[in-house]
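Written out below as structure tokens is the structure these notes cover.
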Amino acid sequence: MSTTHIVSWGIAAVLVFWAVGAYNRLVRLRNVIANAFAQIDVQLKRRYDLIPNLVEVASKYLAHERETLEAVTAARNQAKAAADLVRSRPGTAGPVSSLSMAEQVLHGALGRLMGLVEAYPELKADQTLRELSEELTSTENKVSFARQLFNDATLDYNNAAQQFPARVLAGLFGFREAAMLQATTSDTERGSLRVKF
Amino acid sequence: MRFRQQQDDARRATCRLLGLFVLLLAGLVLAVNGLLIALWWLIGSWLAELPPLFIETNTALVLLFVIGGCLVELSRLRSGGGMHVAQWAGGRELTDPRDRLERRLLNVVDEMALASGLPRPAVFVLDREDAINAFAAGWSADASVIAVTRGALERLTRDELQGLVAHEFGHIQQGDLRLNMLLLALVWGLSLVHGYGASLMAADESDRRSAFGVLVGSVFVAAGSLGWVAGQLLQAAVSRQRELLADACALQFTRSRDGLGGTLRKVWHQVLQREDRLHRLPAQLLAALLLQAPASWLATHPPLAERLRRIYGRAMEPLAAPVLNSSDETEPMPLTPPPSTAPVPGRVAYAVPMPGPAAPPMPPAANTPRATTSDDEREAMDRLSRLNGPGELRATILALLLTPGSQREKRAWRDETKGLSSANALRQEVKKLGPALRLPWLEELLRRVAKAPMADRQALLEAARRVMAGDGQVRPMDRLHWLAMRHRLGERLPVQAAANAHNDMTQLAPHTLRQVALFTAFLSRLIPDAQSPAGAAWYRSVLGTWLKGDALPPCEPPDADALVHALLETQTLPWMLKPVLARAWLDAARQHSPLGRLSDTSAAALRLACLLLDSPMPPELARHYIEPVAQ
């Protein structure tokens with residue numbers, strides 16, 4: 001076997017090793033994206049579960065504020081229904097926009113409720129409500145962190161797939177560019193709701 | 001925020017420094033060889049050839065020490081594991097949070113695990129440390145731990161705590177724990193070269209030194225100590241870069257510079273006030289792991305001013321770090337519409353009579369007058385707030401447990417308090433306390449006893465049992481008192497609260513509901529009044545909403561064992577359901593009481609039941625009591 005042979009075999013082996021490594025890396029990054037997306041869903045669900053409890057505790061003190069409480073409950077139900085619709089028909093534009101509308105309404109209603117809570121020292125001091133609000137804050141944070149992780153993961157994946165030489169491999173095996181969730185770095189979305197006592 | 005740029009900078013700097021480590025090793029090999037060759041020539045044999053394998057042997061010897069020592073040390077460090085480090089530092093693993101602050105910490109760790117995409121590490125609290133600090137430890141991201149001082153929990157806002165935890169997650173994500181151990185081991189390996197030289201120079205058993213040993217040994221000592229010092233400097237430099245990297249990662253995870261920034265400013269303030277000392281933590285050994293470590297010429301952390309300048313892009317001031325009272329943590333609520341500035345028609349009615357916390361709004365159904373104190377009671381409270389020593393504390397608690405009018409219990413109480421001259425006077429004071437004060441004071445005194453050693457607390461529980469059984473019978477109220485005492489004084493059993501998903505009693509397991517019913521049946525002997533025939537009716541109206549028809553067991557009070565079981569099961573209710581249950585008890589009790597006024601017995605039973613469930617008292621119940629002023 002001549003030297004040229006050995007050299008060409010060596011180059012081929014290095015190429016194969018690199019290709020396998022790069023391929024696995026792309027697959028791993030793509031899975032991170034999928035996982036991040038699932039997390040958003042989990043946390044949204046958890047939030048919908050928490051809101052009735054919040055209303056329940058608040059209603060003990062705020063029986064005469066029925067309108068606000070009912071508005072929160074109604075907005076929560078609408079948002080949950082919209083989220084279910086998105087889940088059953090992922091990737092279609094209609095349900096996604098109605099979900100974001102419903103989320104905005106829920107956001108406003110919750111904000112009003114929290115304003116009321118601020119005004120009632122007794123309610124503010126309620127142990128259960130404080131624990132609930134901590135849970136709610138945490139869930140709100142988790143939603144936004146899950147979105148952020150999704151976008152970070154997408155950025156990493158896109159960087160890995162589009163830079164040369166991995167770009168060649170990505171084209172060969174069909175690693176397409178992934179889309180980010182819009183506007184998650186804006187302040188309004190990140191701090192989506194602040195519940196503080 | 002330029003955190004990606006900062007991360008890249010820190011990574012490049014780390015690579016350069018690690019390259020220097022390789023150069024250092026090569027330099028050490030060269031130095032040892034060069035010095036030994038020079039020695040060879042000095043001895044006068046410059047004409048002679050070097051012995052065969054001279055350079056190879058020296059090189060192999062140095063590499064063997066450095067790399068071999070490094071590997072040995074590394075396996076030792078690895079075997080400990082993060083858990084080990086955290087426990088050794090006096091940490092308590094947080095699995096069952098005791099209070100709101102710990103709950104918040106767990107939530108924040110969950111959030112950061114999400115933001116960083118890492119598995120959730122074990123969380124430890126360093127209970128006795130009042131300085132703001134934290135560390136991460138562990139060989140890999142899967143088996144890492146995060147430990148946070150109690151001071152950090154109490155002195156940081158939620159956002160700042162998030163920044164602190166994010167910094168530690170940055171270390172875990174960047175593999176700093178592993179890198180740090182590797183460098184520690186490498187420095188240890190370098191120190192072995194020095195050690196070998198020193199052992200060559202040392203005298204043997206007959207106290208003689210060979211000239212050869214001293215000469216060659218001094219070469220190894222000189223080269224080894226230079227290498228060791230250089231190694232330590234390099235390690236500290238790498239560590240500083242990793243801190244900057246972790247800071248930048250924290251910004252990436254939280255997307256907020258005020259979190260970590262606020263934490264570092266508060267730490268800075270503590271450093272200036274000299275309050276940053278860790279009492280139990282061997283800070284020197286853990287230095288590279290900590291959020292902030294003492295500055296020295298081998299500083300593992302960049303100066304705080306520099307870290308803050310990188311975070312904010314400008315110079316920052318230190319920030320005072322008082323213990324935050326969670327209720328007056330007034331942070332801006334940016335997205336909450338302020339309720340008073342824009343009165344909407346129809347809401348004005350409540351918005352106007354709202355002068356402030358001094359006049360809390362009346363709950364809608366407040367027909368219970370608030371309890372008041374008489375002069376006698378004020379005197380008694382004055383005396384009770386000046387209890388002297390554990391003996392008086394104990395006598396007072398036992399006196400509070402006496403059933404009024406029972407001579408035999410009083411005799412048992414005398415037996416227990418024999419030898420305490422002030423015992424009788426104390427009992428007279430306790431007698432003055434009305435029902436609105438007895439339980440609050442009992443709880444207050446129990447809170448004080450709870451700090452006593454385990455053996456004392458057990459002795460008190462035993463004494464209480466003897467006093468209450470002194471009249472040959474254990475009344476339901478006695479039993480409730482005793483359970484409450486045990487709840488307050490005993491070791492807390494980790495209660496596995498069910499997932500907090502359901503908010504509806506009917507979704508509970510049938511077994512749990514039956515145990516709740518059993519506990520309620522026990523309470524029906526006291527509510528609406530002791531031995532009142534209305535107890536069964538009360539029981540039915542509490543449980544009727546959740547257990548329909550045949551599913552509702554008849555109202556049969558349980559025996560002692562069954563009661564404890566029922567209580568344990570009831571305590572596992574999701575915490576959001578406990579107030580619901582308390583509310584149902586109270587509402588039904590008011591229905592079944594004449595004029596909707598709770599009797600003293602049922603109020604006491606409800607208060608003790610709420611205590612046992614760790615549930616807040618409904619406001620109407622709380623109005624029956626006057627809490628002692630916190631001391």
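So you can find residues: chains in the structure tokens are A, B, ... in the order shown, residues in each start at 1, and ligands are numbered from 1 in order.
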
_For Phe145 of chain A, find every residue with an atom within 7 Å (counting only C-alpha atoms), except residues of its own chain fewer than 2 positions away, and show them as a list in words._
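The residues satisfying every condition are Asn141, Lys142, Val143, Arg147, Gln148 and Leu149 of chain A; Glu111, Leu114 and Ala115 of chain B.
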
Output all heavy atoms for every residue in that selection, as a PDB file, in the first residue's frame.
ATOM      1  N   ASN A 141     -42.913  32.633  35.565  1.00  0.00           N
ATOM      2  CA  ASN A 141     -41.495  32.632  35.223  1.00  0.00           C
ATOM      3  C   ASN A 141     -41.146  31.430  34.377  1.00  0.00           C
ATOM      4  O   ASN A 141     -40.391  31.520  33.423  1.00  0.00           O
ATOM      5  CB  ASN A 141     -40.644  32.605  36.497  1.00  0.00           C
ATOM      6  CG  ASN A 141     -40.562  33.965  37.133  1.00  0.00           C
ATOM      7  OD1 ASN A 141     -40.900  34.949  36.505  1.00  0.00           O
ATOM      8  ND2 ASN A 141     -40.134  34.001  38.368  1.00  0.00           N
ATOM      9  N   LYS A 142     -41.693  30.269  34.789  1.00  0.00           N
ATOM     10  CA  LYS A 142     -41.331  29.058  34.062  1.00  0.00           C
ATOM     11  C   LYS A 142     -41.813  29.132  32.619  1.00  0.00           C
ATOM     12  O   LYS A 142     -41.123  28.668  31.714  1.00  0.00           O
ATOM     13  CB  LYS A 142     -41.916  27.837  34.762  1.00  0.00           C
ATOM     14  CG  LYS A 142     -41.137  27.459  35.999  1.00  0.00           C
ATOM     15  CD  LYS A 142     -41.827  26.359  36.743  1.00  0.00           C
ATOM     16  CE  LYS A 142     -41.152  26.114  38.077  1.00  0.00           C
ATOM     17  NZ  LYS A 142     -42.021  25.360  38.989  1.00  0.00           N
ATOM     18  N   VAL A 143     -43.013  29.705  32.416  1.00  0.00           N
ATOM     19  CA  VAL A 143     -43.491  29.844  31.042  1.00  0.00           C
ATOM     20  C   VAL A 143     -42.492  30.664  30.236  1.00  0.00           C
ATOM     21  O   VAL A 143     -42.069  30.270  29.146  1.00  0.00           O
ATOM     22  CB  VAL A 143     -44.874  30.524  31.019  1.00  0.00           C
ATOM     23  CG1 VAL A 143     -45.264  30.863  29.598  1.00  0.00           C
ATOM     24  CG2 VAL A 143     -45.915  29.632  31.648  1.00  0.00           C
ATOM     25  N   ARG A 147     -39.994  29.496  27.136  1.00  0.00           N
ATOM     26  CA  ARG A 147     -39.944  30.140  25.819  1.00  0.00           C
ATOM     27  C   ARG A 147     -38.531  30.548  25.477  1.00  0.00           C
ATOM     28  O   ARG A 147     -38.061  30.378  24.356  1.00  0.00           O
ATOM     29  CB  ARG A 147     -40.812  31.394  25.822  1.00  0.00           C
ATOM     30  CG  ARG A 147     -42.240  31.073  25.805  1.00  0.00           C
ATOM     31  CD  ARG A 147     -43.035  32.341  25.773  1.00  0.00           C
ATOM     32  NE  ARG A 147     -44.428  32.002  25.971  1.00  0.00           N
ATOM     33  CZ  ARG A 147     -45.421  32.830  25.786  1.00  0.00           C
ATOM     34  NH1 ARG A 147     -45.177  34.054  25.397  1.00  0.00           N
ATOM     35  NH2 ARG A 147     -46.648  32.434  25.973  1.00  0.00           N
ATOM     36  N   GLN A 148     -37.878  31.125  26.474  1.00  0.00           N
ATOM     37  CA  GLN A 148     -36.516  31.595  26.260  1.00  0.00           C
ATOM     38  C   GLN A 148     -35.604  30.424  25.912  1.00  0.00           C
ATOM     39  O   GLN A 148     -34.782  30.516  24.990  1.00  0.00           O
ATOM     40  CB  GLN A 148     -36.074  32.264  27.554  1.00  0.00           C
ATOM     41  CG  GLN A 148     -34.707  32.832  27.544  1.00  0.00           C
ATOM     42  CD  GLN A 148     -34.396  33.381  28.924  1.00  0.00           C
ATOM     43  OE1 GLN A 148     -35.130  34.215  29.450  1.00  0.00           O
ATOM     44  NE2 GLN A 148     -33.341  32.900  29.531  1.00  0.00           N
ATOM     45  N   LEU A 149     -35.769  29.316  26.640  1.00  0.00           N
ATOM     46  CA  LEU A 149     -34.951  28.138  26.355  1.00  0.00           C
ATOM     47  C   LEU A 149     -35.218  27.663  24.940  1.00  0.00           C
ATOM     48  O   LEU A 149     -34.300  27.287  24.210  1.00  0.00           O
ATOM     49  CB  LEU A 149     -35.275  27.028  27.355  1.00  0.00           C
ATOM     50  CG  LEU A 149     -34.534  25.721  27.112  1.00  0.00           C
ATOM     51  CD1 LEU A 149     -33.061  25.894  27.423  1.00  0.00           C
ATOM     52  CD2 LEU A 149     -35.102  24.603  27.956  1.00  0.00           C
TER      53      LEU A 149
ATOM     54  N   GLU B 111     -37.098  26.944  38.097  1.00  0.00           N
ATOM     55  CA  GLU B 111     -37.141  27.887  36.983  1.00  0.00           C
ATOM     56  C   GLU B 111     -35.803  27.919  36.251  1.00  0.00           C
ATOM     57  O   GLU B 111     -35.752  27.909  35.025  1.00  0.00           O
ATOM     58  CB  GLU B 111     -37.458  29.295  37.503  1.00  0.00           C
ATOM     59  CG  GLU B 111     -38.899  29.464  37.913  1.00  0.00           C
ATOM     60  CD  GLU B 111     -39.083  30.646  38.853  1.00  0.00           C
ATOM     61  OE1 GLU B 111     -38.262  31.581  38.797  1.00  0.00           O
ATOM     62  OE2 GLU B 111     -40.046  30.621  39.644  1.00  0.00           O
ATOM     63  N   LEU B 114     -35.143  25.017  34.122  1.00  0.00           N
ATOM     64  CA  LEU B 114     -35.834  25.168  32.841  1.00  0.00           C
ATOM     65  C   LEU B 114     -35.053  26.097  31.924  1.00  0.00           C
ATOM     66  O   LEU B 114     -34.836  25.794  30.751  1.00  0.00           O
ATOM     67  CB  LEU B 114     -37.206  25.788  33.094  1.00  0.00           C
ATOM     68  CG  LEU B 114     -38.425  24.914  32.898  1.00  0.00           C
ATOM     69  CD1 LEU B 114     -39.652  25.735  33.144  1.00  0.00           C
ATOM     70  CD2 LEU B 114     -38.423  24.340  31.519  1.00  0.00           C
ATOM     71  N   ALA B 115     -34.637  27.238  32.466  1.00  0.00           N
ATOM     72  CA  ALA B 115     -33.990  28.245  31.634  1.00  0.00           C
ATOM     73  C   ALA B 115     -32.678  27.731  31.073  1.00  0.00           C
ATOM     74  O   ALA B 115     -32.301  28.077  29.962  1.00  0.00           O
ATOM     75  CB  ALA B 115     -33.764  29.513  32.438  1.00  0.00           C
TER      76      ALA B 115
END

*Surrounding residues of segment 130-134 of chain A excluding itself and chain neighbours under 3 positions, 7 Å, only C-alpha atoms, as a ChimeraX atom specification*: /A:54,126-127,137-138,195 /B:100,104

Go ahead and write the residues just picked, all heavy atoms, as a PDB file, in the first residue's frame.
ATOM      1  N   LEU A  54     -56.661  30.307  42.971  1.00  0.00           N
ATOM      2  CA  LEU A  54     -56.467  31.708  43.333  1.00  0.00           C
ATOM      3  C   LEU A  54     -57.828  32.380  43.490  1.00  0.00           C
ATOM      4  O   LEU A  54     -58.087  33.082  44.473  1.00  0.00           O
ATOM      5  CB  LEU A  54     -55.667  32.378  42.224  1.00  0.00           C
ATOM      6  CG  LEU A  54     -55.347  33.846  42.418  1.00  0.00           C
ATOM      7  CD1 LEU A  54     -54.277  33.981  43.468  1.00  0.00           C
ATOM      8  CD2 LEU A  54     -54.898  34.470  41.123  1.00  0.00           C
ATOM      9  N   ASP A 126     -53.122  36.714  53.786  1.00  0.00           N
ATOM     10  CA  ASP A 126     -53.599  35.329  53.823  1.00  0.00           C
ATOM     11  C   ASP A 126     -52.461  34.392  53.399  1.00  0.00           C
ATOM     12  O   ASP A 126     -51.897  34.523  52.310  1.00  0.00           O
ATOM     13  CB  ASP A 126     -54.782  35.177  52.873  1.00  0.00           C
ATOM     14  CG  ASP A 126     -55.398  33.796  52.964  1.00  0.00           C
ATOM     15  OD1 ASP A 126     -54.739  32.809  52.574  1.00  0.00           O
ATOM     16  OD2 ASP A 126     -56.524  33.714  53.440  1.00  0.00           O
ATOM     17  N   GLN A 127     -52.163  33.457  54.283  1.00  0.00           N
ATOM     18  CA  GLN A 127     -51.041  32.539  54.052  1.00  0.00           C
ATOM     19  C   GLN A 127     -51.215  31.772  52.747  1.00  0.00           C
ATOM     20  O   GLN A 127     -50.318  31.690  51.918  1.00  0.00           O
ATOM     21  CB  GLN A 127     -50.980  31.566  55.233  1.00  0.00           C
ATOM     22  CG  GLN A 127     -49.815  30.620  55.203  1.00  0.00           C
ATOM     23  CD  GLN A 127     -48.520  31.338  55.470  1.00  0.00           C
ATOM     24  OE1 GLN A 127     -48.522  32.444  55.992  1.00  0.00           O
ATOM     25  NE2 GLN A 127     -47.426  30.739  55.082  1.00  0.00           N
ATOM     26  N   THR A 137     -46.351  33.112  40.480  1.00  0.00           N
ATOM     27  CA  THR A 137     -45.163  33.814  39.989  1.00  0.00           C
ATOM     28  C   THR A 137     -44.192  32.827  39.369  1.00  0.00           C
ATOM     29  O   THR A 137     -43.668  33.054  38.282  1.00  0.00           O
ATOM     30  CB  THR A 137     -44.434  34.499  41.164  1.00  0.00           C
ATOM     31  OG1 THR A 137     -45.378  35.214  41.918  1.00  0.00           O
ATOM     32  CG2 THR A 137     -43.371  35.424  40.657  1.00  0.00           C
ATOM     33  N   SER A 138     -43.985  31.731  40.111  1.00  0.00           N
ATOM     34  CA  SER A 138     -43.029  30.743  39.634  1.00  0.00           C
ATOM     35  C   SER A 138     -43.474  30.181  38.284  1.00  0.00           C
ATOM     36  O   SER A 138     -42.672  30.015  37.378  1.00  0.00           O
ATOM     37  CB  SER A 138     -42.888  29.635  40.663  1.00  0.00           C
ATOM     38  OG  SER A 138     -41.964  28.703  40.217  1.00  0.00           O
ATOM     39  N   VAL A 195     -46.528  39.037  40.113  1.00  0.00           N
ATOM     40  CA  VAL A 195     -47.370  38.904  41.298  1.00  0.00           C
ATOM     41  C   VAL A 195     -46.438  39.091  42.477  1.00  0.00           C
ATOM     42  O   VAL A 195     -45.571  38.271  42.711  1.00  0.00           O
ATOM     43  CB  VAL A 195     -48.003  37.514  41.358  1.00  0.00           C
ATOM     44  CG1 VAL A 195     -49.161  37.528  42.319  1.00  0.00           C
ATOM     45  CG2 VAL A 195     -48.460  37.086  40.000  1.00  0.00           C
TER      46      VAL A 195
ATOM     47  N   ARG B 100     -42.022  29.600  53.534  1.00  0.00           N
ATOM     48  CA  ARG B 100     -42.231  30.201  52.232  1.00  0.00           C
ATOM     49  C   ARG B 100     -40.906  30.471  51.516  1.00  0.00           C
ATOM     50  O   ARG B 100     -40.809  30.323  50.307  1.00  0.00           O
ATOM     51  CB  ARG B 100     -42.986  31.522  52.425  1.00  0.00           C
ATOM     52  CG  ARG B 100     -44.054  31.785  51.421  1.00  0.00           C
ATOM     53  CD  ARG B 100     -44.951  32.874  51.934  1.00  0.00           C
ATOM     54  NE  ARG B 100     -44.227  34.125  52.067  1.00  0.00           N
ATOM     55  CZ  ARG B 100     -44.060  34.979  51.073  1.00  0.00           C
ATOM     56  NH1 ARG B 100     -44.549  34.718  49.892  1.00  0.00           N
ATOM     57  NH2 ARG B 100     -43.415  36.106  51.255  1.00  0.00           N
ATOM     58  N   ARG B 104     -39.819  29.069  47.956  1.00  0.00           N
ATOM     59  CA  ARG B 104     -39.434  29.981  46.887  1.00  0.00           C
ATOM     60  C   ARG B 104     -38.112  29.550  46.272  1.00  0.00           C
ATOM     61  O   ARG B 104     -37.951  29.560  45.051  1.00  0.00           O
ATOM     62  CB  ARG B 104     -39.318  31.386  47.475  1.00  0.00           C
ATOM     63  CG  ARG B 104     -39.173  32.462  46.457  1.00  0.00           C
ATOM     64  CD  ARG B 104     -39.184  33.807  47.115  1.00  0.00           C
ATOM     65  NE  ARG B 104     -37.952  34.058  47.840  1.00  0.00           N
ATOM     66  CZ  ARG B 104     -37.612  35.240  48.337  1.00  0.00           C
ATOM     67  NH1 ARG B 104     -38.435  36.254  48.213  1.00  0.00           N
ATOM     68  NH2 ARG B 104     -36.488  35.407  48.972  1.00  0.00           N
TER      69      ARG B 104
END

*asked:* I'd like the interatomic distance between atom CA of Glu429 of chain B and atom CA of Ala380 of chain B, to a tenth of an Å.
replied: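 Between atom CA of Glu429 of chain B and atom CA of Ala380 of chain B the gap works out to 4.9 Å.
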
*Determine, counting only C-alpha atoms, which protein, DNA and RNA residues have an atom within 9 Å of an atom of segment 397-405 of chain B; residues of the same chain fewer than 2 positions away are not included. Present the result as a count of residues only.*
29

*Taking the backbone alone, and naming residues the way the document does, which bits of segment 484-602 of chain B are helix (DSSP H, G or I) by DSSP, as a count of residues only?*
67

_Between atom CA of Val238 of chain B and atom CA of Thr14 of chain B, what distance in Å does the model show, to one decimal?_
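For atom CA of Val238 of chain B relative to atom CA of Thr14 of chain B, the distance reads 5.7 Å.
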
Surrounding residues of Asp614 of chain B excluding itself and chain neighbours under 5 positions, 10 Å, only C-alpha atoms, as a tab-separated table (two decimals) with C-alpha atoms, in the first residue's frame:
chain	number	residue	atom	x	y	z
B	487	HIS	CA	-47.34	18.64	66.37
B	571	GLN	CA	-52.50	16.32	56.95
B	575	TRP	CA	-52.29	22.67	50.96
B	578	LYS	CA	-56.82	22.59	53.86
B	579	PRO	CA	-58.33	26.08	54.10
B	608	LEU	CA	-56.42	23.43	67.23
B	609	ALA	CA	-57.59	21.57	64.13

*Tell me which of B:Asp127, B:Glu275, B:Asp456, B:Asp159 sits closest to chain A, counting only C-alpha atoms.*
B:Asp159

*Separation of atom CA of Asn151 of chain A from atom CA of Thr254 of chain B, in Å and rounded to one decimal*: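 For atom CA of Asn151 of chain A relative to atom CA of Thr254 of chain B, the distance reads 13.5 Å.
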
*Could you tell me which of A:Ala71, A:Ala146, A:Leu155, A:Ala12 comes closest to chain B if we count only C-alpha atoms?*
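Once distances to chain B are computed over only C-alpha atoms, the minimum belongs to A:Ala146.
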
_Can you pull out the residues contacting Gln591 of chain B? Cut-off 10 Å, using only C-alpha atoms, and skip same-chain residues under 6 positions away; I want them as number ranges by chain._
B: 528, 538, 541, 597-598

Please, could you write that set of residues out with all heavy atoms as a short mmCIF file (atom, residue, chain, number, x, y, z; two decimals), in the first residue's frame?
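Listing of part_20.cif after writing:
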data_model
loop_
_atom_site.label_atom_id
_atom_site.label_comp_id
_atom_site.auth_asym_id
_atom_site.auth_seq_id
_atom_site.Cartn_x
_atom_site.Cartn_y
_atom_site.Cartn_z
N PRO B 528 -70.92 21.48 67.68
CA PRO B 528 -70.90 22.88 68.09
C PRO B 528 -70.68 23.10 69.57
O PRO B 528 -70.39 24.23 69.97
CB PRO B 528 -72.27 23.40 67.67
CG PRO B 528 -73.12 22.21 67.44
CD PRO B 528 -72.25 21.04 67.23
N TRP B 538 -73.90 18.53 62.58
CA TRP B 538 -72.77 19.32 62.08
C TRP B 538 -71.91 18.48 61.13
O TRP B 538 -71.55 18.91 60.04
CB TRP B 538 -71.93 19.80 63.26
CG TRP B 538 -70.65 20.47 62.85
CD1 TRP B 538 -70.52 21.72 62.35
CD2 TRP B 538 -69.34 19.91 62.89
NE1 TRP B 538 -69.20 21.98 62.07
CE2 TRP B 538 -68.45 20.89 62.38
CE3 TRP B 538 -68.80 18.68 63.28
CZ2 TRP B 538 -67.09 20.68 62.28
CZ3 TRP B 538 -67.44 18.47 63.19
CH2 TRP B 538 -66.60 19.47 62.69
N SER B 541 -73.53 18.09 57.81
CA SER B 541 -73.55 19.25 56.92
C SER B 541 -72.14 19.61 56.44
O SER B 541 -71.99 20.20 55.39
CB SER B 541 -74.23 20.45 57.59
OG SER B 541 -73.63 20.71 58.83
N ARG B 597 -73.22 32.20 66.77
CA ARG B 597 -72.03 32.47 67.59
C ARG B 597 -71.37 31.14 67.94
O ARG B 597 -72.01 30.27 68.52
CB ARG B 597 -72.43 33.17 68.88
CG ARG B 597 -72.97 34.55 68.67
CD ARG B 597 -71.96 35.57 69.15
NE ARG B 597 -72.36 36.89 68.72
CZ ARG B 597 -73.09 37.71 69.47
NH1 ARG B 597 -73.42 37.34 70.69
NH2 ARG B 597 -73.44 38.87 69.02
N LEU B 598 -70.11 31.03 67.68
CA LEU B 598 -69.40 29.80 68.04
C LEU B 598 -69.27 29.73 69.56
O LEU B 598 -69.03 30.74 70.21
CB LEU B 598 -67.99 29.81 67.46
CG LEU B 598 -67.85 29.71 65.95
CD1 LEU B 598 -66.38 29.73 65.59
CD2 LEU B 598 -68.48 28.42 65.46
#

*Any idea what's packed within 12 Å of Leu179 of chain B, counting only C-alpha atoms, ignoring anything in its chain fewer than 6 positions away? Could you give it as an MDAnalysis selection string?*
chainID B and resid 14:15 18 74 77:78 137:140 171:173 185:186 235 238:239 241:242 288:289
